[in-house]
>>> print(open('target-v1.cif').read())   # mmCIF, C-alpha atoms
data_final
#
loop_
_atom_site.label_atom_id
_atom_site.label_comp_id
_atom_site.auth_asym_id
_atom_site.auth_seq_id
_atom_site.Cartn_x
_atom_site.Cartn_y
_atom_site.Cartn_z
CA MET Y 1 46.59 26.32 11.92
CA THR Y 2 43.70 27.03 9.58
CA SER Y 3 40.19 27.22 10.85
CA VAL Y 4 37.39 25.34 9.14
CA GLN Y 5 34.44 27.54 8.19
CA ALA Y 6 31.14 26.07 9.39
CA PRO Y 7 28.51 25.83 6.67
CA GLU Y 8 25.91 28.57 6.57
CA PRO Y 9 22.88 27.19 8.47
CA ARG Y 10 20.37 27.79 5.67
CA ALA Y 11 22.60 26.10 3.09
CA ALA Y 12 23.25 23.15 5.41
CA LEU Y 13 19.56 22.66 6.07
CA ARG Y 14 18.79 22.91 2.36
CA ALA Y 15 21.42 20.29 1.58
CA LEU Y 16 19.92 17.95 4.19
CA PHE Y 17 16.43 18.50 2.79
CA ASP Y 18 17.56 17.86 -0.80
CA ALA Y 19 19.36 14.66 0.26
CA ALA Y 20 16.26 13.40 2.07
CA VAL Y 21 14.01 14.11 -0.91
CA ARG Y 22 16.43 12.46 -3.31
CA ALA Y 23 16.57 9.36 -1.09
CA ALA Y 24 12.81 8.93 -1.52
CA GLN Y 25 12.58 9.83 -5.22
CA PRO Y 26 11.43 6.75 -7.17
CA ALA Y 27 13.54 7.68 -10.19
CA HIS Y 28 16.67 7.47 -8.02
CA VAL Y 29 15.91 4.57 -5.66
CA LEU Y 30 13.65 2.16 -7.52
CA PRO Y 31 15.79 0.99 -10.49
CA ALA Y 32 18.42 -0.72 -8.34
CA HIS Y 33 15.77 -2.95 -6.77
CA LEU Y 34 14.10 -4.19 -9.95
CA PRO Y 35 14.33 -7.96 -10.51
CA PRO Y 36 14.94 -9.60 -13.87
CA PRO Y 37 11.78 -10.33 -15.87
CA PRO Y 38 10.23 -13.73 -15.09
CA ASN Y 39 9.52 -16.48 -17.59
CA GLY Y 40 5.85 -15.52 -17.56
CA ARG Y 41 3.97 -12.27 -17.14
CA THR Y 42 4.83 -9.32 -14.91
CA VAL Y 43 1.75 -7.77 -13.33
CA VAL Y 44 2.20 -4.43 -11.60
CA VAL Y 45 -0.18 -3.32 -8.84
CA GLY Y 46 0.10 -0.73 -6.12
CA ALA Y 47 -1.16 2.29 -4.27
CA GLY Y 48 0.14 5.45 -2.64
CA LYS Y 49 0.89 9.10 -3.20
CA ALA Y 50 4.15 8.16 -4.94
CA ALA Y 51 2.64 5.29 -6.98
CA ALA Y 52 2.54 7.16 -10.29
CA ALA Y 53 6.15 8.32 -9.98
CA MET Y 54 7.14 4.74 -9.14
CA VAL Y 55 5.37 3.54 -12.29
CA HIS Y 56 7.29 6.02 -14.42
CA ALA Y 57 10.58 4.85 -12.93
CA LEU Y 58 9.65 1.22 -13.52
CA GLU Y 59 8.54 1.79 -17.12
CA ALA Y 60 11.77 3.67 -17.86
CA HIS Y 61 13.96 0.76 -16.70
CA TRP Y 62 11.96 -2.36 -17.59
CA PRO Y 63 13.09 -4.14 -20.77
CA THR Y 64 10.91 -3.07 -23.68
CA ASP Y 65 10.65 -6.64 -24.96
CA ALA Y 66 9.42 -8.05 -21.60
CA PRO Y 67 5.67 -8.21 -20.87
CA LEU Y 68 4.51 -5.56 -18.40
CA SER Y 69 0.96 -4.61 -17.46
CA GLY Y 70 -1.10 -3.65 -14.43
CA CYS Y 71 -2.68 -0.79 -12.51
CA VAL Y 72 -1.84 1.46 -9.57
CA VAL Y 73 -3.89 4.10 -7.77
CA THR Y 74 -2.63 7.43 -6.49
CA ARG Y 75 -4.10 10.57 -4.96
CA TYR Y 76 -5.90 13.10 -7.13
CA GLY Y 77 -3.36 15.52 -8.59
CA HIS Y 78 -0.36 13.30 -7.80
CA VAL Y 79 0.46 12.05 -11.30
CA PRO Y 80 3.68 13.78 -12.40
CA PRO Y 81 4.28 14.58 -16.07
CA ARG Y 82 5.31 11.51 -18.00
CA PRO Y 83 8.97 11.72 -19.11
CA SER Y 84 9.32 12.58 -22.78
CA GLY Y 85 9.30 9.52 -25.03
CA LEU Y 86 8.27 7.12 -22.25
CA ALA Y 87 5.51 4.78 -23.40
CA ALA Y 88 2.66 4.09 -20.95
CA ARG Y 89 2.44 0.39 -20.10
CA ILE Y 90 0.72 0.49 -16.69
CA GLU Y 91 -2.64 2.09 -15.95
CA ILE Y 92 -2.62 4.90 -13.37
CA ARG Y 93 -5.87 5.73 -11.59
CA GLU Y 94 -6.62 8.54 -9.14
CA ALA Y 95 -8.74 8.50 -6.00
CA ALA Y 96 -9.36 10.35 -2.72
CA HIS Y 97 -7.06 10.60 0.28
CA PRO Y 98 -7.22 10.56 3.32
CA VAL Y 99 -10.92 9.56 3.26
CA PRO Y 100 -11.58 6.91 0.58
CA ASP Y 101 -14.07 7.36 -2.26
CA ALA Y 102 -15.81 5.29 -4.95
CA ALA Y 103 -12.91 5.75 -7.35
CA GLY Y 104 -10.55 4.11 -4.84
CA LEU Y 105 -13.00 1.27 -4.34
CA ALA Y 106 -13.24 0.66 -8.09
CA ALA Y 107 -9.44 0.78 -8.43
CA ALA Y 108 -8.97 -1.74 -5.61
CA GLU Y 109 -11.52 -4.10 -7.16
CA HIS Y 110 -9.72 -3.85 -10.49
CA ILE Y 111 -6.30 -4.42 -8.91
CA LEU Y 112 -7.54 -7.51 -7.11
CA SER Y 113 -8.98 -8.85 -10.37
CA LEU Y 114 -5.63 -8.44 -12.14
CA VAL Y 115 -3.86 -10.94 -9.86
CA GLN Y 116 -6.36 -13.75 -10.32
CA GLY Y 117 -5.25 -16.91 -12.12
CA LEU Y 118 -1.49 -16.28 -12.01
CA THR Y 119 1.10 -19.06 -12.20
CA PRO Y 120 4.47 -19.71 -10.52
CA ASP Y 121 6.15 -18.42 -13.69
CA ASP Y 122 4.51 -15.01 -13.34
CA LEU Y 123 5.64 -12.13 -11.11
CA VAL Y 124 3.66 -9.51 -9.23
CA LEU Y 125 5.47 -6.21 -8.62
CA CYS Y 126 3.65 -4.24 -5.93
CA LEU Y 127 4.51 -0.54 -5.71
CA ILE Y 128 3.55 0.82 -2.29
CA SER Y 129 3.95 4.22 -0.67
CA GLY Y 130 2.31 6.40 1.95
CA GLY Y 131 -1.39 7.01 1.53
CA GLY Y 132 -2.10 3.54 0.21
CA SER Y 133 -4.45 2.67 3.07
CA ALA Y 134 -7.05 5.20 1.96
CA LEU Y 135 -6.45 4.74 -1.76
CA LEU Y 136 -6.70 0.95 -1.70
CA THR Y 137 -10.10 0.52 -0.09
CA LEU Y 138 -12.07 -2.69 -0.55
CA PRO Y 139 -14.43 -3.53 2.33
CA LEU Y 140 -15.15 -7.05 3.51
CA ASP Y 141 -18.57 -8.39 2.59
CA GLY Y 142 -21.32 -6.70 4.58
CA ILE Y 143 -19.43 -3.40 4.99
CA THR Y 144 -20.33 -0.47 2.75
CA LEU Y 145 -18.09 2.27 1.41
CA ALA Y 146 -20.03 4.69 3.63
CA ASP Y 147 -19.14 2.54 6.65
CA LYS Y 148 -15.46 2.62 5.70
CA GLN Y 149 -15.56 6.38 5.15
CA ALA Y 150 -17.15 7.02 8.55
CA ILE Y 151 -14.72 4.73 10.40
CA ASN Y 152 -11.73 6.20 8.56
CA GLN Y 153 -12.85 9.74 9.37
CA ALA Y 154 -13.30 8.81 13.02
CA LEU Y 155 -9.85 7.20 13.14
CA LEU Y 156 -8.26 10.37 11.73
CA TYR Y 157 -9.82 12.47 14.49
CA SER Y 158 -9.36 9.95 17.30
CA GLY Y 159 -5.72 10.48 18.16
CA ALA Y 160 -4.92 6.84 17.34
CA HIS Y 161 -1.39 6.35 16.01
CA ILE Y 162 -0.83 4.99 12.51
CA GLY Y 163 -0.25 1.42 13.68
CA GLU Y 164 -3.58 1.41 15.52
CA MET Y 165 -5.43 2.94 12.59
CA ASN Y 166 -4.02 0.36 10.19
CA THR Y 167 -4.85 -2.53 12.54
CA VAL Y 168 -8.50 -1.48 12.30
CA ARG Y 169 -8.32 -0.93 8.54
CA LYS Y 170 -6.78 -4.37 7.94
CA HIS Y 171 -9.64 -6.09 9.73
CA LEU Y 172 -12.23 -4.37 7.55
CA SER Y 173 -10.56 -5.05 4.21
CA ARG Y 174 -10.43 -7.67 1.45
CA ILE Y 175 -7.06 -6.40 0.22
CA LYS Y 176 -5.02 -5.04 3.15
CA GLY Y 177 -3.07 -6.94 5.81
CA GLY Y 178 -1.53 -9.50 3.45
CA ARG Y 179 -4.74 -10.32 1.58
CA LEU Y 180 -3.43 -8.94 -1.73
CA ALA Y 181 -0.36 -11.21 -1.57
CA ALA Y 182 -2.59 -14.17 -0.71
CA ALA Y 183 -4.67 -13.47 -3.82
CA CYS Y 184 -1.52 -13.50 -5.98
CA ALA Y 185 -0.49 -17.07 -5.04
CA PRO Y 186 1.10 -19.13 -6.50
CA ALA Y 187 2.92 -16.26 -8.24
CA PRO Y 188 5.84 -14.68 -6.36
CA VAL Y 189 5.30 -11.12 -5.11
CA LEU Y 190 7.98 -8.45 -4.79
CA THR Y 191 6.87 -5.30 -3.00
CA LEU Y 192 8.90 -2.13 -3.48
CA ALA Y 193 7.91 0.24 -0.70
CA ILE Y 194 8.65 3.89 0.03
CA SER Y 195 7.95 4.43 3.71
CA ASP Y 196 6.23 7.34 5.41
CA VAL Y 197 5.85 5.69 8.83
CA PRO Y 198 8.18 5.78 11.86
CA GLY Y 199 10.26 2.61 12.01
CA ASP Y 200 9.55 1.71 8.34
CA ASP Y 201 7.61 -1.44 9.26
CA PRO Y 202 6.37 -2.92 5.93
CA ALA Y 203 3.27 -4.24 7.69
CA VAL Y 204 2.28 -0.66 8.53
CA ILE Y 205 3.06 1.09 5.22
CA ALA Y 206 -0.30 1.36 3.42
CA SER Y 207 -1.65 -1.27 5.85
CA GLY Y 208 0.69 -3.93 4.41
CA PRO Y 209 -1.39 -5.39 1.55
CA THR Y 210 1.36 -7.89 0.73
CA VAL Y 211 2.76 -8.43 4.25
CA ALA Y 212 1.71 -11.00 6.85
CA ASP Y 213 -0.21 -9.36 9.69
CA ASP Y 214 0.41 -10.28 13.32
CA SER Y 215 -2.50 -8.26 14.70
CA ARG Y 216 -5.86 -9.81 15.55
CA CYS Y 217 -9.56 -8.97 15.34
CA SER Y 218 -9.57 -8.63 19.13
CA GLU Y 219 -6.95 -5.86 18.88
CA ALA Y 220 -9.01 -3.99 16.31
CA LEU Y 221 -12.01 -4.19 18.61
CA GLU Y 222 -10.00 -2.96 21.60
CA ILE Y 223 -8.72 0.01 19.57
CA VAL Y 224 -12.14 1.22 18.43
CA GLU Y 225 -13.57 0.81 21.91
CA ARG Y 226 -10.69 2.67 23.54
CA HIS Y 227 -11.02 5.57 21.11
CA GLY Y 228 -14.82 5.60 21.11
CA ILE Y 229 -15.17 4.79 17.40
CA ALA Y 230 -18.52 3.41 16.28
CA VAL Y 231 -18.50 0.36 14.00
CA PRO Y 232 -21.46 -1.53 12.49
CA ASP Y 233 -22.97 -4.30 14.61
CA LEU Y 234 -21.91 -6.81 11.91
CA VAL Y 235 -18.28 -5.83 12.43
CA ARG Y 236 -18.46 -5.97 16.21
CA ARG Y 237 -20.08 -9.42 16.16
CA ALA Y 238 -17.50 -10.77 13.70
CA TRP Y 239 -14.58 -9.43 15.73
CA LEU Y 240 -16.03 -10.77 18.99
CA ALA Y 241 -16.63 -14.19 17.45
CA VAL Y 242 -13.12 -14.23 15.93
CA ASP Y 243 -14.70 -15.10 12.57
CA PRO Y 244 -11.85 -16.62 10.51
CA THR Y 245 -13.05 -14.91 7.33
CA TRP Y 246 -12.36 -11.57 9.02
CA GLU Y 247 -8.87 -12.49 10.23
CA THR Y 248 -5.82 -11.44 8.23
CA PRO Y 249 -3.18 -13.86 6.81
CA LYS Y 250 -0.40 -14.63 9.29
CA ALA Y 251 3.29 -15.40 8.80
CA ASP Y 252 2.69 -19.14 8.50
CA ASP Y 253 0.13 -18.77 5.70
CA PRO Y 254 1.51 -20.76 2.72
CA ARG Y 255 0.00 -18.26 0.27
CA LEU Y 256 2.52 -15.67 1.49
CA ALA Y 257 5.54 -17.96 1.23
CA LYS Y 258 6.81 -16.26 -1.94
CA ALA Y 259 6.04 -12.67 -0.94
CA ARG Y 260 8.94 -10.37 -0.06
CA VAL Y 261 9.49 -6.64 0.49
CA GLN Y 262 12.35 -4.32 -0.39
#
>>> encode(input="target-v1.cif", output="structure tokens")
Amino acid sequence: MTSVQAPEPRAALRALFDAAVRAAQPAHVLPAHLPPPPNGRTVVVGAGKAAAAMVHALEAHWPTDAPLSGCVVTRYGHVPPRPSGLAARIEIREAAHPVPDAAGLAAAEHILSLVQGLTPDDLVLCLISGGGSALLTLPLDGITLADKQAINQALLYSGAHIGEMNTVRKHLSRIKGGRLAAACAPAPVLTLAISDVPGDDPAVIASGPTVADDSRCSEALEIVERHGIAVPDLVRRAWLAVDPTWETPKADDPRLAKARVQ
């Protein structure tokens, strides 16, 4: 009877690490999930630390004769070298993470503008990965970038878990918590997401800009109060009053009927 040699621990751990990295590499995982081009335009939007790599994978596998345009935002220094011979078709911007900056605000405004006036024949491809919450910052009216920066910094130091942090972020944003998908209607939206959160809940990854949100303003208020996080009086009053303009789109919102995630 022959004995089976156990793998050397270092080699086994390295193999596990390499397999995990490969499973999250856009070049390996994204192509199989790409849809066929629509009859109309394909507009690409997105945010996250892997957004630029996802763009490269998309550009490498999208038909050259099919319209493709858009913009994504990634963290400073997270744009990998473009593969040789690959033409740039989608704009890649860089911004700050984990505390948002003016570049992220400008990118989010631009992204939101790109999905205006679409038709049912168009398609929005949303490329989302970890870090998108900070990179895709667009405050609700009455909130300044400085307000968002202070609240985000306080959340990071508060001990709140990622779900709690993103519940607060969604209720301060014009683009998170399903609002981006709502802005795309009546065009269908396909979100391709690379998760960095436990449980891989699409509503949590990058604060779910294209995913219906089941949290409420009252929950956001409870979270900041429990963790001792200061918010502007305008925010507190709106959350207490359950102002509908501050509430995120829910699962029954018809604007999200054609939004899906893979």
>>> resolve_selection(input="target-v1.cif", expression="the PyMOL selection byres ((chain Y and resi 95) around 10)", output="JSON list (two decimals) with C-alpha atoms, in the frame of the given file")
[["chain", "number", "residue", "atom", "x", "y", "z"],
["Y", 47, "ALA", "CA", -1.16, 2.29, -4.27],
["Y", 48, "GLY", "CA", 0.14, 5.45, -2.64],
["Y", 73, "VAL", "CA", -3.89, 4.10, -7.77],
["Y", 74, "THR", "CA", -2.63, 7.43, -6.49],
["Y", 75, "ARG", "CA", -4.10, 10.57, -4.96],
["Y", 76, "TYR", "CA", -5.90, 13.10, -7.13],
["Y", 77, "GLY", "CA", -3.36, 15.52, -8.59],
["Y", 78, "HIS", "CA", -0.36, 13.30, -7.80],
["Y", 93, "ARG", "CA", -5.87, 5.73, -11.59],
["Y", 94, "GLU", "CA", -6.62, 8.54, -9.14],
["Y", 96, "ALA", "CA", -9.36, 10.35, -2.72],
["Y", 97, "HIS", "CA", -7.06, 10.60, 0.28],
["Y", 98, "PRO", "CA", -7.22, 10.56, 3.32],
["Y", 99, "VAL", "CA", -10.92, 9.56, 3.26],
["Y", 100, "PRO", "CA", -11.58, 6.91, 0.58],
["Y", 101, "ASP", "CA", -14.07, 7.36, -2.26],
["Y", 102, "ALA", "CA", -15.81, 5.29, -4.95],
["Y", 103, "ALA", "CA", -12.91, 5.75, -7.35],
["Y", 104, "GLY", "CA", -10.55, 4.11, -4.84],
["Y", 105, "LEU", "CA", -13.00, 1.27, -4.34],
["Y", 106, "ALA", "CA", -13.24, 0.66, -8.09],
["Y", 107, "ALA", "CA", -9.44, 0.78, -8.43],
["Y", 134, "ALA", "CA", -7.05, 5.20, 1.96],
["Y", 135, "LEU", "CA", -6.45, 4.74, -1.76],
["Y", 136, "LEU", "CA", -6.70, 0.95, -1.70]]
>>> closest_residue(input="target-v1.cif", among="Y:Leu68, Y:Val197, Y:Val189, Y:Ala241", to="Ile162 (chain Y)", atoms="all atoms listed in the file")
Y:Val197
>>> atom_distance(input="target-v1.cif", atom1="CA of Gly85 (chain Y)", atom2="CA of Ala60 (chain Y)")
9.6 Å
>>> closest_residue(input="target-v1.cif", among="Y:Leu127, Y:Ile205, Y:Leu86, Y:Val231", to="Ala50 (chain Y)", atoms="only C-alpha atoms")
Y:Leu127
>>> resolve_selection(input="target-v1.cif", expression="the PyMOL selection byres ((chain Y and resi 234-236) around 9)", output="VMD selection string")
chain Y and resid 142 to 143 172 221 231 to 233 237 to 241 246
>>> resolve_selection(input="target-v1.cif", expression="the PyMOL selection byres ((chain Y and resi 34) around 10)", output="list in words")
Val29, Leu30, Pro31, Ala32, His33, Pro35, Pro36, Pro37, Leu58, His61, Trp62, Leu125, Leu190, Leu192 and Gln262 of chain Y
>>> residues_around(input="target-v1.cif", residues="Thr191 (chain Y)", least_positions_apart="5", cutoff="12 Å", atoms="all atoms listed in the file", output="PyMOL selection string")
chain Y and resi 30+33-35+43-47+54+123-129+178+180-181+202-203+205-206+208-211+258-262
>>> closest_residue(input="target-v1.cif", among="Y:Thr248, Y:Ser215, Y:Ser158, Y:Ser195", to="Ala230 (chain Y)", atoms="all atoms listed in the file")
Y:Ser158
>>> closest_residue(input="target-v1.cif", among="Y:Ala185, Y:Glu247, Y:Pro80, Y:Ile151", to="Cys217 (chain Y)", atoms="only C-alpha atoms")
Y:Glu247
>>> closest_residue(input="target-v1.cif", among="Y:Arg174, Y:Arg89, Y:Arg216, Y:His28", to="Asp243 (chain Y)", atoms="only C-alpha atoms")
Y:Arg216
>>> closest_residue(input="target-v1.cif", among="Y:Asp201, Y:Asp65, Y:Glu164, Y:Glu8", to="Glu219 (chain Y)", atoms="all atoms listed in the file")
Y:Glu164
>>> atom_distance(input="target-v1.cif", atom1="CA of Asp200 (chain Y)", atom2="CA of Leu112 (chain Y)")
24.8 Å
>>> atom_distance(input="target-v1.cif", atom1="CA of Thr137 (chain Y)", atom2="CA of Ser207 (chain Y)")
10.5 Å
>>> residues_around(input="target-v1.cif", residues="Arg169 (chain Y)", least_positions_apart="3", cutoff="8 Å", atoms="all atoms listed in the file", output="short mmCIF file (atom, residue, chain, number, x, y, z; two decimals) with C-alpha atoms, in the frame of the given file")
data_model
loop_
_atom_site.label_atom_id
_atom_site.label_comp_id
_atom_site.auth_asym_id
_atom_site.auth_seq_id
_atom_site.Cartn_x
_atom_site.Cartn_y
_atom_site.Cartn_z
CA SER Y 133 -4.45 2.67 3.07
CA ASN Y 152 -11.73 6.20 8.56
CA MET Y 165 -5.43 2.94 12.59
CA ASN Y 166 -4.02 0.36 10.19
CA LEU Y 172 -12.23 -4.37 7.55
CA SER Y 173 -10.56 -5.05 4.21
CA LYS Y 176 -5.02 -5.04 3.15
CA SER Y 207 -1.65 -1.27 5.85
#
>>> decode(input="target-v1.cif", residues="region 21-39 of chain Y", atoms="N, CA and C atoms", output="PDB file, in the first residue's frame")
ATOM      1  N   VAL Y  21      -7.300  34.565  -6.007  1.00  0.00           N
ATOM      2  CA  VAL Y  21      -7.038  35.770  -6.798  1.00  0.00           C
ATOM      3  C   VAL Y  21      -7.569  35.599  -8.212  1.00  0.00           C
ATOM      4  N   ARG Y  22      -7.329  34.451  -8.790  1.00  0.00           N
ATOM      5  CA  ARG Y  22      -7.803  34.203 -10.154  1.00  0.00           C
ATOM      6  C   ARG Y  22      -9.333  34.287 -10.229  1.00  0.00           C
ATOM      7  N   ALA Y  23     -10.005  33.794  -9.189  1.00  0.00           N
ATOM      8  CA  ALA Y  23     -11.468  33.797  -9.182  1.00  0.00           C
ATOM      9  C   ALA Y  23     -12.041  35.203  -9.158  1.00  0.00           C
ATOM     10  N   ALA Y  24     -11.228  36.183  -8.743  1.00  0.00           N
ATOM     11  CA  ALA Y  24     -11.709  37.570  -8.697  1.00  0.00           C
ATOM     12  C   ALA Y  24     -11.074  38.442  -9.767  1.00  0.00           C
ATOM     13  N   GLN Y  25     -10.273  37.861 -10.647  1.00  0.00           N
ATOM     14  CA  GLN Y  25      -9.623  38.637 -11.699  1.00  0.00           C
ATOM     15  C   GLN Y  25     -10.612  38.928 -12.814  1.00  0.00           C
ATOM     16  N   PRO Y  26     -10.889  40.199 -13.094  1.00  0.00           N
ATOM     17  CA  PRO Y  26     -11.859  40.528 -14.149  1.00  0.00           C
ATOM     18  C   PRO Y  26     -11.575  39.862 -15.487  1.00  0.00           C
ATOM     19  N   ALA Y  27     -10.314  39.775 -15.860  1.00  0.00           N
ATOM     20  CA  ALA Y  27      -9.982  39.174 -17.160  1.00  0.00           C
ATOM     21  C   ALA Y  27     -10.438  37.730 -17.248  1.00  0.00           C
ATOM     22  N   HIS Y  28     -10.542  37.046 -16.102  1.00  0.00           N
ATOM     23  CA  HIS Y  28     -10.928  35.635 -16.100  1.00  0.00           C
ATOM     24  C   HIS Y  28     -12.433  35.441 -15.883  1.00  0.00           C
ATOM     25  N   VAL Y  29     -13.050  36.297 -15.077  1.00  0.00           N
ATOM     26  CA  VAL Y  29     -14.441  36.040 -14.686  1.00  0.00           C
ATOM     27  C   VAL Y  29     -15.468  36.871 -15.434  1.00  0.00           C
ATOM     28  N   LEU Y  30     -15.087  38.032 -15.949  1.00  0.00           N
ATOM     29  CA  LEU Y  30     -16.079  38.918 -16.544  1.00  0.00           C
ATOM     30  C   LEU Y  30     -16.581  38.485 -17.920  1.00  0.00           C
ATOM     31  N   PRO Y  31     -15.720  38.010 -18.829  1.00  0.00           N
ATOM     32  CA  PRO Y  31     -16.196  37.721 -20.193  1.00  0.00           C
ATOM     33  C   PRO Y  31     -17.391  36.783 -20.269  1.00  0.00           C
ATOM     34  N   ALA Y  32     -17.448  35.781 -19.429  1.00  0.00           N
ATOM     35  CA  ALA Y  32     -18.541  34.801 -19.503  1.00  0.00           C
ATOM     36  C   ALA Y  32     -19.890  35.395 -19.149  1.00  0.00           C
ATOM     37  N   HIS Y  33     -19.899  36.557 -18.521  1.00  0.00           N
ATOM     38  CA  HIS Y  33     -21.156  37.168 -18.083  1.00  0.00           C
ATOM     39  C   HIS Y  33     -21.607  38.320 -18.974  1.00  0.00           C
ATOM     40  N   LEU Y  34     -20.877  38.588 -20.044  1.00  0.00           N
ATOM     41  CA  LEU Y  34     -21.254  39.701 -20.911  1.00  0.00           C
ATOM     42  C   LEU Y  34     -22.464  39.333 -21.758  1.00  0.00           C
ATOM     43  N   PRO Y  35     -23.438  40.231 -21.863  1.00  0.00           N
ATOM     44  CA  PRO Y  35     -24.618  39.977 -22.693  1.00  0.00           C
ATOM     45  C   PRO Y  35     -24.322  40.311 -24.143  1.00  0.00           C
ATOM     46  N   PRO Y  36     -25.196  39.932 -25.051  1.00  0.00           N
ATOM     47  CA  PRO Y  36     -25.035  40.389 -26.437  1.00  0.00           C
ATOM     48  C   PRO Y  36     -25.324  41.878 -26.523  1.00  0.00           C
ATOM     49  N   PRO Y  37     -24.745  42.576 -27.485  1.00  0.00           N
ATOM     50  CA  PRO Y  37     -25.039  44.007 -27.634  1.00  0.00           C
ATOM     51  C   PRO Y  37     -26.523  44.231 -27.895  1.00  0.00           C
ATOM     52  N   PRO Y  38     -27.073  45.327 -27.391  1.00  0.00           N
ATOM     53  CA  PRO Y  38     -28.490  45.631 -27.603  1.00  0.00           C
ATOM     54  C   PRO Y  38     -28.703  46.243 -28.990  1.00  0.00           C
ATOM     55  N   ASN Y  39     -29.939  46.529 -29.307  1.00  0.00           N
ATOM     56  CA  ASN Y  39     -30.246  47.203 -30.566  1.00  0.00           C
ATOM     57  C   ASN Y  39     -29.769  48.652 -30.563  1.00  0.00           C
TER      58      ASN Y  39
END
